[in-house]
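Pasted below: model_35.csv, CSV, C-alpha atoms and all ligand atoms.
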```
chain,number,residue,atom,x,y,z
A,234,MET,CA,47.9,13.6,19.2
A,235,LYS,CA,44.5,12.6,20.4
A,236,LYS,CA,42.5,9.9,18.6
A,237,LYS,CA,40.9,11.3,15.4
A,238,ILE,CA,37.1,11.7,15.6
A,239,TRP,CA,35.6,11.5,12.1
A,240,LEU,CA,32.5,13.2,10.8
A,241,SER,CA,31.0,9.9,9.6
A,242,SER,CA,33.0,6.8,9.1
A,243,PRO,CA,32.0,3.2,7.9
A,244,HIS,CA,30.6,1.0,10.6
A,245,MET,CA,30.4,-2.7,10.0
A,246,GLY,CA,28.0,-5.1,11.7
A,247,ASN,CA,29.1,-8.7,12.1
A,248,LYS,CA,27.4,-10.3,9.1
A,249,GLU,CA,29.2,-8.6,6.2
A,250,LEU,CA,32.2,-10.9,6.0
A,251,GLY,CA,30.0,-13.9,5.9
A,252,PHE,CA,28.4,-12.7,2.7
A,253,ILE,CA,31.8,-12.0,1.2
A,254,HIS,CA,33.0,-15.5,2.1
A,255,ASP,CA,29.9,-16.9,0.3
A,256,ALA,CA,30.9,-14.9,-2.8
A,257,PHE,CA,34.5,-16.2,-2.6
A,258,ASP,CA,33.4,-19.8,-2.0
A,259,ALA,CA,31.2,-19.7,-5.1
A,260,ASN,CA,33.8,-17.7,-7.0
A,261,TRP,CA,31.2,-15.0,-7.6
A,262,ILE,CA,33.8,-12.2,-7.7
A,263,ALA,CA,32.5,-10.8,-11.0
A,264,PRO,CA,29.9,-8.1,-11.1
A,265,LEU,CA,26.4,-9.4,-10.5
A,266,GLY,CA,25.6,-12.6,-8.6
A,267,PRO,CA,23.5,-13.8,-5.6
A,268,ASN,CA,24.5,-11.0,-3.2
A,269,VAL,CA,23.4,-8.4,-5.8
A,270,ASP,CA,20.0,-10.1,-6.2
A,271,GLY,CA,19.8,-10.6,-2.4
A,272,PHE,CA,20.7,-7.0,-1.6
A,273,GLU,CA,18.1,-5.7,-4.1
A,274,ASP,CA,15.4,-7.9,-2.5
A,275,ASP,CA,16.5,-6.8,1.0
A,276,LEU,CA,16.2,-3.1,0.0
A,277,ALA,CA,12.9,-3.6,-1.8
A,278,THR,CA,11.5,-5.2,1.3
A,279,TYR,CA,12.9,-2.6,3.7
A,280,LEU,CA,11.6,0.3,1.7
A,281,SER,CA,8.3,-1.3,0.6
A,282,ILE,CA,9.1,-0.4,-3.0
A,283,GLY,CA,8.5,-2.6,-6.1
A,284,HIS,CA,11.9,-2.6,-7.7
A,285,VAL,CA,15.6,-1.9,-7.0
A,286,ALA,CA,18.7,-1.8,-9.2
A,287,ALA,CA,21.9,-2.0,-7.3
A,288,LEU,CA,24.5,0.2,-9.0
A,289,SER,CA,28.1,1.4,-8.6
A,290,SER,CA,27.2,4.7,-7.0
A,291,GLY,CA,24.4,7.1,-6.2
A,292,THR,CA,25.7,9.4,-8.9
A,293,ALA,CA,25.3,6.6,-11.4
A,294,ALA,CA,21.8,6.0,-10.2
A,295,LEU,CA,20.9,9.7,-10.8
A,296,HIS,CA,22.5,9.6,-14.2
A,297,LEU,CA,20.4,6.6,-15.2
A,298,GLY,CA,17.3,8.2,-13.7
A,299,LEU,CA,17.7,11.3,-15.9
A,300,ILE,CA,18.2,9.1,-19.0
A,301,LEU,CA,15.1,7.2,-18.1
A,302,ALA,CA,13.2,10.5,-17.7
A,303,GLY,CA,14.2,11.3,-21.2
A,304,VAL,CA,16.5,14.2,-20.3
A,305,LYS,CA,18.6,15.2,-23.3
A,306,SER,CA,21.1,17.8,-24.3
A,307,GLY,CA,19.8,21.3,-23.9
A,308,ASP,CA,16.9,20.3,-21.6
A,309,GLU,CA,16.4,21.8,-18.2
A,310,VAL,CA,16.1,20.0,-14.9
A,311,ILE,CA,15.2,21.5,-11.6
A,312,CYS,CA,17.5,20.6,-8.8
A,313,GLN,CA,17.6,21.6,-5.1
A,314,SER,CA,20.5,24.1,-4.7
A,315,MET,CA,21.3,23.2,-1.1
A,316,THR,CA,23.0,19.8,-1.8
A,317,PHE,CA,26.1,17.9,-2.6
A,318,SER,CA,27.3,18.4,-6.2
A,319,ALA,CA,26.5,14.8,-7.1
A,320,SER,CA,22.8,15.8,-7.2
A,321,ALA,CA,23.5,18.2,-10.0
A,322,ASN,CA,26.5,16.8,-11.9
A,323,PRO,CA,24.5,14.1,-13.7
A,324,ILE,CA,22.3,16.8,-15.3
A,325,ALA,CA,25.5,18.1,-16.9
A,326,TYR,CA,26.6,14.6,-18.0
A,327,GLN,CA,23.4,14.6,-20.2
A,328,GLY,CA,24.3,18.0,-21.6
A,329,ALA,CA,21.3,19.4,-19.9
A,330,ILE,CA,21.0,22.6,-17.8
A,331,PRO,CA,20.4,22.6,-14.1
A,332,VAL,CA,17.9,25.1,-12.7
A,333,PHE,CA,18.5,25.6,-9.0
A,334,VAL,CA,15.8,26.1,-6.5
A,335,ASP,CA,16.5,27.4,-2.9
A,336,SER,CA,15.4,25.9,0.4
A,337,GLU,CA,12.7,26.6,3.0
A,338,GLU,CA,13.8,27.1,6.6
A,339,GLU,CA,12.0,24.3,8.3
A,340,THR,CA,13.7,21.3,6.7
A,341,TRP,CA,16.4,23.1,4.6
A,342,ASN,CA,15.1,21.3,1.5
A,343,MET,CA,13.5,22.5,-1.7
A,344,ASP,CA,11.1,25.3,-1.1
A,345,PRO,CA,7.8,24.3,-2.7
A,346,SER,CA,6.5,27.8,-3.3
A,347,LEU,CA,9.8,28.7,-5.0
A,348,LEU,CA,9.6,25.5,-7.0
A,349,ASP,CA,6.2,26.6,-8.3
A,350,VAL,CA,7.6,30.1,-9.2
A,351,ALA,CA,10.5,28.4,-11.0
A,352,ILE,CA,8.3,26.0,-13.0
A,353,LYS,CA,5.9,28.8,-14.1
A,354,ASP,CA,8.8,31.0,-15.1
A,355,ARG,CA,10.6,28.3,-17.1
A,356,ILE,CA,7.3,27.4,-18.9
A,357,ALA,CA,6.7,31.1,-19.7
A,358,LYS,CA,10.2,31.1,-21.3
A,359,GLY,CA,9.2,28.0,-23.4
A,360,ARG,CA,11.6,25.8,-21.3
A,361,LYS,CA,9.4,23.4,-19.4
A,362,PRO,CA,11.6,21.4,-17.0
A,363,LYS,CA,12.0,17.6,-17.8
A,364,ALA,CA,12.5,16.5,-14.2
A,365,ILE,CA,12.7,17.7,-10.6
A,366,ILE,CA,15.4,16.6,-8.1
A,367,PRO,CA,14.5,17.2,-4.5
A,368,VAL,CA,16.9,16.1,-1.8
A,369,HIS,CA,16.4,14.9,1.8
A,370,LEU,CA,19.4,16.8,3.2
A,371,TYR,CA,21.2,15.2,6.1
A,372,GLY,CA,18.4,12.7,6.3
A,373,MET,CA,15.6,15.2,7.0
A,374,PRO,CA,12.6,14.6,4.7
A,375,ALA,CA,11.7,17.3,2.3
A,376,GLN,CA,8.1,18.7,2.2
A,377,MET,CA,7.1,15.9,-0.2
A,378,ASP,CA,3.3,16.4,-0.1
A,379,LYS,CA,3.6,19.9,-1.5
A,380,ILE,CA,6.4,19.0,-3.9
A,381,LEU,CA,4.5,16.1,-5.3
A,382,ALA,CA,1.3,18.2,-5.7
A,383,ILE,CA,3.3,20.7,-7.8
A,384,ALA,CA,5.1,18.1,-9.8
A,385,SER,CA,1.8,16.4,-10.7
A,386,GLU,CA,0.0,19.6,-11.5
A,387,TYR,CA,2.7,20.3,-14.2
A,388,GLU,CA,3.2,16.6,-15.0
A,389,ILE,CA,6.9,16.6,-14.4
A,390,PRO,CA,8.6,13.5,-13.0
A,391,ILE,CA,10.4,13.6,-9.7
A,392,ILE,CA,13.8,11.9,-9.2
A,393,GLU,CA,14.1,11.8,-5.5
A,394,ASP,CA,17.7,12.1,-4.1
A,395,ALA,CA,17.5,10.0,-0.9
A,396,ALA,CA,21.3,9.4,-0.8
A,397,GLU,CA,21.5,10.8,2.7
A,398,ALA,CA,18.1,9.6,3.9
A,399,LEU,CA,18.0,5.8,3.9
A,400,GLY,CA,16.0,4.9,7.0
A,401,ALA,CA,14.1,8.2,7.1
A,402,THR,CA,10.4,8.4,6.6
A,403,TYR,CA,7.8,11.1,5.7
A,404,LYS,CA,4.3,10.4,7.0
A,405,GLY,CA,5.3,6.8,7.5
A,406,LYS,CA,6.6,6.2,4.0
A,407,ALA,CA,10.3,5.7,3.2
A,408,CYS,CA,12.2,8.6,1.7
A,409,GLY,CA,13.2,7.7,-1.9
A,410,THR,CA,9.8,6.0,-2.6
A,411,PHE,CA,7.7,9.2,-3.4
A,412,GLY,CA,9.1,10.1,-6.8
A,413,THR,CA,8.8,8.4,-10.2
A,414,LEU,CA,12.3,7.2,-9.3
A,415,GLY,CA,14.5,7.5,-6.3
A,416,ILE,CA,18.2,7.1,-5.6
A,417,LEU,CA,20.2,5.9,-2.7
A,418,SER,CA,24.0,6.0,-2.0
A,419,PHE,CA,26.1,3.5,-0.1
A,420,ASN,CA,29.3,5.5,-0.2
A,421,GLY,CA,31.7,5.2,2.7
A,422,ASN,CA,30.4,8.1,4.6
A,423,LYS,CA,26.7,7.3,4.3
A,424,ILE,CA,24.5,5.7,7.0
A,425,ILE,CA,25.3,2.2,5.6
A,426,THR,CA,28.0,1.5,3.1
A,427,THR,CA,29.0,-1.1,0.5
A,428,SER,CA,32.4,0.7,0.4
A,429,GLY,CA,31.0,2.4,-2.7
A,430,GLY,CA,27.6,1.9,-4.3
A,431,GLY,CA,24.1,3.2,-5.0
A,432,ALA,CA,20.7,2.1,-6.1
A,433,LEU,CA,17.9,3.3,-8.4
A,434,ILE,CA,14.5,2.5,-7.0
A,435,GLY,CA,10.9,2.7,-8.2
A,436,ASN,CA,7.6,0.9,-8.6
A,437,ASP,CA,7.7,0.8,-12.4
A,438,VAL,CA,9.4,-2.4,-13.4
A,439,ALA,CA,10.0,-1.1,-17.0
A,440,TYR,CA,12.2,1.7,-15.7
A,441,ILE,CA,14.2,-0.5,-13.3
A,442,SER,CA,14.7,-3.3,-15.9
A,443,LYS,CA,15.9,-0.6,-18.4
A,444,ALA,CA,18.3,0.7,-15.8
A,445,ARG,CA,19.8,-2.7,-15.3
A,446,PHE,CA,20.1,-3.1,-19.1
A,447,LEU,CA,21.8,0.3,-19.5
A,448,ALA,CA,24.1,-0.3,-16.4
A,449,THR,CA,25.5,-3.5,-18.0
A,450,GLN,CA,26.7,-1.9,-21.3
A,451,ALA,CA,23.2,-2.1,-23.0
A,452,ARG,CA,23.7,-5.5,-24.5
A,453,ASP,CA,20.9,-6.6,-26.8
A,454,ALA,CA,19.7,-10.2,-26.6
A,455,ALA,CA,22.1,-12.0,-29.0
A,456,PRO,CA,24.9,-14.6,-28.5
A,457,HIS,CA,27.5,-12.1,-29.7
A,458,TYR,CA,27.9,-8.6,-28.3
A,459,GLN,CA,25.3,-6.4,-30.1
A,460,HIS,CA,24.3,-2.8,-29.1
A,461,SER,CA,21.5,-0.5,-30.3
A,462,GLU,CA,22.0,2.0,-27.5
A,463,ILE,CA,24.9,3.6,-25.6
A,464,GLY,CA,25.5,1.6,-22.4
A,465,TYR,CA,27.3,2.2,-19.1
A,466,ASN,CA,29.3,0.1,-16.7
A,467,TYR,CA,27.3,1.1,-13.6
A,468,ARG,CA,26.4,-2.2,-11.9
A,469,MET,CA,27.3,-3.1,-8.3
A,470,SER,CA,29.7,-5.9,-7.8
A,471,ASN,CA,28.8,-9.1,-5.9
A,472,ILE,CA,31.4,-8.4,-3.3
A,473,CYS,CA,30.1,-4.9,-2.5
A,474,ALA,CA,26.6,-6.2,-2.4
A,475,GLY,CA,27.7,-8.7,0.2
A,476,ILE,CA,28.8,-5.9,2.4
A,477,GLY,CA,25.4,-4.3,1.8
A,478,ARG,CA,23.5,-7.4,2.8
A,479,GLY,CA,25.2,-7.4,6.1
A,480,GLN,CA,24.8,-3.6,6.5
A,481,ILE,CA,21.0,-3.6,5.9
A,482,GLN,CA,20.6,-5.9,8.9
A,483,VAL,CA,22.1,-3.2,11.2
A,484,LEU,CA,20.5,-0.2,9.4
A,485,ASP,CA,17.7,0.4,12.0
A,486,GLU,CA,20.2,0.2,14.8
A,487,TRP,CA,22.5,2.6,13.1
A,488,VAL,CA,19.7,5.0,12.6
A,489,GLU,CA,18.9,4.8,16.3
A,490,ARG,CA,22.5,5.5,17.2
A,491,ARG,CA,22.7,8.5,14.9
A,492,ARG,CA,19.4,9.8,16.3
A,493,ALA,CA,20.9,9.4,19.8
A,494,ASN,CA,24.0,11.5,18.7
A,495,TYR,CA,21.6,14.3,17.8
A,496,ASP,CA,19.7,14.0,21.2
A,497,TYR,CA,23.0,14.1,23.0
A,498,TYR,CA,24.3,17.2,21.2
A,499,MET,CA,20.9,18.8,21.6
A,500,GLN,CA,20.8,18.2,25.3
A,501,GLU,CA,24.4,19.3,25.9
A,502,LEU,CA,24.6,22.3,23.6
A,503,SER,CA,21.2,23.9,23.1
A,504,ALA,CA,21.6,26.1,26.1
A,505,LEU,CA,24.6,27.9,24.5
A,506,LYS,CA,23.6,31.3,23.1
A,507,GLY,CA,23.3,31.5,19.3
A,508,ILE,CA,23.4,27.8,18.6
A,509,SER,CA,20.3,26.1,17.1
A,510,PHE,CA,19.3,22.7,15.8
A,511,VAL,CA,16.9,21.7,13.0
A,512,VAL,CA,13.8,20.1,14.5
A,513,GLU,CA,11.8,17.3,13.0
A,514,PRO,CA,8.5,18.5,11.8
A,515,GLU,CA,5.3,16.6,12.7
A,516,GLY,CA,5.1,13.4,10.6
A,517,SER,CA,8.8,13.4,9.6
A,518,PHE,CA,11.3,10.8,10.9
A,519,SER,CA,14.9,11.8,10.1
A,520,ASN,CA,17.7,9.3,10.1
A,521,ARG,CA,19.9,12.1,11.5
A,522,TRP,CA,22.7,11.0,9.1
A,523,LEU,CA,24.6,14.1,10.3
A,524,THR,CA,23.8,16.3,13.2
A,525,THR,CA,24.0,19.9,12.1
A,526,VAL,CA,24.0,23.1,14.1
A,527,LEU,CA,23.6,26.8,13.1
A,528,ILE,CA,25.8,29.3,14.9
A,529,ASN,CA,24.5,32.8,14.7
A,530,PRO,CA,27.3,35.3,15.5
A,531,GLU,CA,24.7,38.0,16.2
A,532,THR,CA,23.4,36.1,19.2
A,533,SER,CA,26.4,34.0,20.1
A,534,GLY,CA,28.5,37.0,21.3
A,535,GLY,CA,30.4,37.0,18.0
A,536,ILE,CA,31.3,33.3,17.9
A,537,THR,CA,31.2,32.0,14.3
A,538,ARG,CA,30.9,28.6,12.7
A,539,GLU,CA,34.5,28.9,11.7
A,540,ASP,CA,35.6,29.5,15.3
A,541,VAL,CA,33.9,26.3,16.3
A,542,ARG,CA,35.2,24.3,13.3
A,543,ILE,CA,38.8,25.4,14.0
A,544,ALA,CA,38.6,24.7,17.7
A,545,LEU,CA,37.4,21.2,16.9
A,546,GLU,CA,40.2,20.7,14.3
A,547,GLY,CA,42.7,21.7,17.0
A,548,ASP,CA,41.5,18.7,19.0
A,549,ASN,CA,41.8,16.3,16.0
A,550,ILE,CA,38.0,16.4,15.5
A,551,GLU,CA,36.5,16.5,12.0
A,552,SER,CA,33.5,18.8,11.4
A,553,ARG,CA,32.4,20.5,8.2
A,554,PRO,CA,30.5,23.5,7.0
A,555,LEU,CA,27.1,22.6,5.5
A,556,TRP,CA,27.0,22.0,1.7
A,557,LYS,CA,27.8,25.1,-0.3
A,558,PRO,CA,24.7,25.7,-2.4
A,559,MET,CA,25.0,24.8,-6.1
A,560,HIS,CA,23.9,28.3,-7.3
A,561,MET,CA,27.1,29.7,-5.5
A,562,GLN,CA,29.4,27.1,-7.0
A,563,PRO,CA,31.8,28.5,-9.7
A,564,VAL,CA,31.1,25.5,-12.0
A,565,PHE,CA,27.3,26.3,-12.1
A,566,SER,CA,27.6,30.1,-12.2
A,567,ASP,CA,25.8,30.3,-15.5
A,568,ALA,CA,22.8,28.1,-14.4
A,569,PRO,CA,19.5,29.8,-13.8
A,570,ALA,CA,18.6,29.9,-10.0
A,571,TYR,CA,15.6,30.9,-8.0
A,572,THR,CA,16.8,32.0,-4.6
A,573,ASN,CA,15.5,33.4,-1.4
A,574,GLY,CA,18.7,33.7,0.7
A,575,VAL,CA,17.9,30.6,2.9
A,576,SER,CA,20.6,28.2,1.6
A,577,GLU,CA,23.2,31.0,1.6
A,578,LYS,CA,22.5,31.8,5.2
A,579,LEU,CA,22.6,28.1,6.1
A,580,PHE,CA,26.0,27.7,4.4
A,581,ASN,CA,27.4,30.8,6.2
A,582,THR,CA,26.4,29.7,9.7
A,583,GLY,CA,26.0,25.9,9.6
A,584,LEU,CA,28.3,23.1,10.8
A,585,CYS,CA,28.0,19.3,10.6
A,586,LEU,CA,29.2,17.6,13.8
A,587,PRO,CA,30.8,14.2,14.1
A,588,SER,CA,27.8,11.8,13.7
A,589,GLY,CA,29.0,8.3,13.1
A,590,SER,CA,26.9,5.4,14.5
A,591,ASN,CA,30.2,4.1,15.9
A,592,LEU,CA,31.0,7.1,18.1
A,593,LEU,CA,31.4,6.4,21.8
A,594,GLU,CA,29.9,8.5,24.6
A,595,ALA,CA,33.5,9.6,25.4
A,596,ASP,CA,33.9,10.9,21.8
A,597,LEU,CA,30.7,12.8,21.9
A,598,GLN,CA,31.7,14.2,25.3
A,599,ARG,CA,35.0,15.4,23.8
A,600,VAL,CA,33.2,17.2,21.0
A,601,VAL,CA,30.8,18.8,23.4
A,602,ASN,CA,33.6,19.9,25.8
A,603,ILE,CA,35.5,21.7,22.9
A,604,ILE,CA,32.4,23.5,21.7
A,605,GLN,CA,31.5,24.5,25.3
A,606,SER,CA,35.0,25.8,25.8
A,607,VAL,CA,34.6,28.2,22.8
A,608,TRP,CA,31.6,29.8,24.5
A,701,LIG,C1,26.4,11.0,-1.4
A,701,LIG,C2,25.4,11.8,-2.2
A,701,LIG,C3,25.2,11.5,-3.6
A,701,LIG,C4,26.1,10.6,-4.4
A,701,LIG,O1,26.2,9.4,-4.0
A,701,LIG,P1,27.6,8.5,-4.4
A,701,LIG,O2,27.2,7.1,-4.1
A,701,LIG,O3,28.7,9.1,-3.6
A,701,LIG,O4,27.8,8.7,-5.9
A,701,LIG,C5,24.2,12.2,-4.2
A,701,LIG,N1,23.4,13.1,-3.6
A,701,LIG,C6,23.6,13.4,-2.3
A,701,LIG,C7,22.8,14.4,-1.6
A,701,LIG,C8,24.7,12.8,-1.6
A,701,LIG,O5,24.9,13.1,-0.3
```

Serialized structure, structure tokens:
Amino acid sequence: MKKKIWLSSPHMGNKELGFIHDAFDANWIAPLGPNVDGFEDDLATYLSIGHVAALSSGTAALHLGLILAGVKSGDEVICQSMTFSASANPIAYQGAIPVFVDSEEETWNMDPSLLDVAIKDRIAKGRKPKAIIPVHLYGMPAQMDKILAIASEYEIPIIEDAAEALGATYKGKACGTFGTLGILSFNGNKIITTSGGGALIGNDVAYISKARFLATQARDAAPHYQHSEIGYNYRMSNICAGIGRGQIQVLDEWVERRRANYDYYMQELSALKGISFVVEPEGSFSNRWLTTVLINPETSGGITREDVRIALEGDNIESRPLWKPMHMQPVFSDAPAYTNGVSEKLFNTGLCLPSGSNLLEADLQRVVNIIQSVW
């Protein structure tokens, strides 16, 4: 069996263990500690954002973001349909109802004109949405200018899902820093990892302090354990944050490597008939977390996305269809959705190629050879 090539696997630099040793030496194994504070400061500096709360996952960050935005049972929250389920699940944790909005073709993210249609329609039904969750899919920035303009017109807060977009910028500003709140993920497959973790970020200190309070079981100031609100156990541990402190030092290099993967695939594969890549619009800088291709069987001579995926699998290479849109998921079949066919088409024809920052040129060459052999 040939060596497995993964879609996106963890990639350590050489500083992570040092921070973990520091934690062991000081016996800071418990949640919280100097690495957590340090990682929060490192992220705030990197992103040019006021405040960061390091948490146990990106999903937890979204959940707290929704609580801070006042989302309660029966409320509606607009969410990009083309995304991973973790963007939408926390809406359900609150007993709220997701309202899905389809994508535009340029960046594959929330279609601003459809967002406007959806908000108008929800308001006409007496159901003004409580928050909007746009996503920067695969590290490609959404059309934030237009989305922000619409959100501010209707005075609806944005909780920006930048889980896949750390290191990406839109018009020179970091993804995740446009909304009232933003979230990041450091799950094992993301561009940097803490083995598992996330962050809630924002410029309003009151929100981020409240997030830290809720994430540590909502303990009131008292010598005994006293609670006036429901709390959560959502903080990042000092060990995980130590990994994060090492990882942030290599983040820019890992972004460059992922962007180089994209360039390589683009150069080697774009001549194949029926294959196409998503191009960075002017002003956008994608971290190219995953390189994705569309395979159109009408122009590829009948070759489908599945043909390519199965051929890669046969050579022990992991690839994956694009996210299945949330409005097509059985669990969300009752949720309102504003669709235009774009995400469904992306799902039917799109494939994520191996994209780790630790791939060797020989690995990329193997992927390319298999794909070329299908043609
Ligand atoms: C990974 C991911 C999340 C969730 O992050 P976790 O840290 O895995 O909980 C949320 N949204 C998107 C778009 C993601 O890709």

Tell me, as a ChimeraX atom specification, which residues lie within 9 Å of segment 370-382 of chain A, counting only C-alpha atoms; anything in the same chain fewer than 3 positions away does not count.
/A:315-317,340-346,348-349,367,385-387,391,394-403,408,411-412,511,513,517-525

Using all atoms listed in the file, find each protein or nucleic acid residue lying at most 9 Å from ligand LIG 701 (chain A); present the set as a PyMOL selection string.
chain A and resi 288-295+315-321+368-371+394-398+416-423+429-432

Pick from A:Gly298, A:Val350, A:Ala407, A:Glu337, whichever lies nearest to Ala364 of chain A using all atoms listed in the file:
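Counting all atoms listed in the file, the residue closest to Ala364 of chain A is A:Gly298.
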
Could you pull out every residue with an atom within 12 Å of (27.9, -11.0, 13.8), file coordinates, counting all atoms listed in the file, and send them as a PyMOL selection string?
chain A and resi 245-252+479-480+482-483

Å distance separating atom CA of Asp540 of chain A from atom CA of Arg490 of chain A, one decimal place:
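Interatomic distance, atom CA of Asp540 of chain A to atom CA of Arg490 of chain A: 27.4 Å.
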
Name the residues in contact with Ala329 of chain A at a cut-off of 9 Å, using all atoms listed in the file, excluding same-chain residues fewer than 4 positions from it; report them as a PyMOL selection string.
chain A and resi 304-310+323-325

Between A:Arg445, A:Ile392, A:Ala302, A:Ser588, single out the one closest to Glu489 of chain A, counting all atoms listed in the file.
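Among the listed residues, A:Ser588 lies closest to Glu489 of chain A.
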
From the set A:His560, A:Arg553, A:Lys353, A:Lys506, which residue has the shortest atom-to-atom contact distance to Gly535 of chain A, counting only C-alpha atoms?
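Between A:His560, A:Arg553, A:Lys353, A:Lys506, the residue approaching Gly535 of chain A most closely is A:Lys506.
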
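Using all atoms listed in the file, the nearest neighbour of Ser281 of chain A within the list A:Gln450, A:Ser566, A:Thr410, A:Asn494 is A:Thr410.
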
Taking all atoms listed in the file into account, which of A:Trp556, A:Tyr498, A:Trp487, A:Trp239 comes nearest Thr582 of chain A?
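Using all atoms listed in the file, the shortest distance to Thr582 of chain A belongs to A:Trp556.
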
List every protein, DNA or RNA residue that has an atom no more than 6 Å from (13.5, 28.7, -12.5) in the file's coordinate frame, counting only C-alpha atoms, and report them as a PyMOL selection string.
chain A and resi 332+351-352+354-355+570-571

Return segment 518-532 of chain A, completed with N, CA and C atoms, as a JSON list (two decimals), keeping the file's coordinate frame.
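Now in part24.json:
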```json
[["chain", "number", "residue", "atom", "x", "y", "z"],
["A", 518, "PHE", "N", 10.37, 11.62, 10.10],
["A", 518, "PHE", "CA", 11.30, 10.80, 10.90],
["A", 518, "PHE", "C", 12.66, 10.93, 10.16],
["A", 519, "SER", "N", 13.59, 11.69, 10.73],
["A", 519, "SER", "CA", 14.90, 11.80, 10.10],
["A", 519, "SER", "C", 15.82, 10.71, 10.57],
["A", 520, "ASN", "N", 16.72, 10.27, 9.67],
["A", 520, "ASN", "CA", 17.70, 9.30, 10.10],
["A", 520, "ASN", "C", 18.87, 9.97, 10.83],
["A", 521, "ARG", "N", 18.83, 11.34, 10.87],
["A", 521, "ARG", "CA", 19.90, 12.10, 11.50],
["A", 521, "ARG", "C", 21.27, 11.64, 11.03],
["A", 522, "TRP", "N", 21.37, 11.46, 9.70],
["A", 522, "TRP", "CA", 22.70, 11.00, 9.10],
["A", 522, "TRP", "C", 23.78, 11.88, 9.70],
["A", 523, "LEU", "N", 23.64, 13.20, 9.60],
["A", 523, "LEU", "CA", 24.60, 14.10, 10.30],
["A", 523, "LEU", "C", 23.79, 15.03, 11.19],
["A", 524, "THR", "N", 24.33, 15.25, 12.38],
["A", 524, "THR", "CA", 23.80, 16.30, 13.20],
["A", 524, "THR", "C", 24.39, 17.61, 12.81],
["A", 525, "THR", "N", 23.54, 18.60, 12.57],
["A", 525, "THR", "CA", 24.00, 19.90, 12.10],
["A", 525, "THR", "C", 23.55, 20.98, 13.08],
["A", 526, "VAL", "N", 24.36, 22.00, 13.22],
["A", 526, "VAL", "CA", 24.00, 23.10, 14.10],
["A", 526, "VAL", "C", 24.17, 24.43, 13.28],
["A", 527, "LEU", "N", 23.38, 25.42, 13.63],
["A", 527, "LEU", "CA", 23.60, 26.80, 13.10],
["A", 527, "LEU", "C", 24.16, 27.62, 14.21],
["A", 528, "ILE", "N", 25.15, 28.45, 13.87],
["A", 528, "ILE", "CA", 25.80, 29.30, 14.90],
["A", 528, "ILE", "C", 25.62, 30.75, 14.38],
["A", 529, "ASN", "N", 24.78, 31.48, 15.07],
["A", 529, "ASN", "CA", 24.50, 32.80, 14.70],
["A", 529, "ASN", "C", 25.34, 33.82, 15.45],
["A", 530, "PRO", "N", 26.32, 34.45, 14.77],
["A", 530, "PRO", "CA", 27.30, 35.30, 15.50],
["A", 530, "PRO", "C", 26.58, 36.54, 16.14],
["A", 531, "GLU", "N", 25.38, 36.88, 15.66],
["A", 531, "GLU", "CA", 24.70, 38.00, 16.20],
["A", 531, "GLU", "C", 24.16, 37.74, 17.64],
["A", 532, "THR", "N", 23.91, 36.46, 17.92],
["A", 532, "THR", "CA", 23.40, 36.10, 19.20],
["A", 532, "THR", "C", 24.38, 35.27, 20.06]]
```
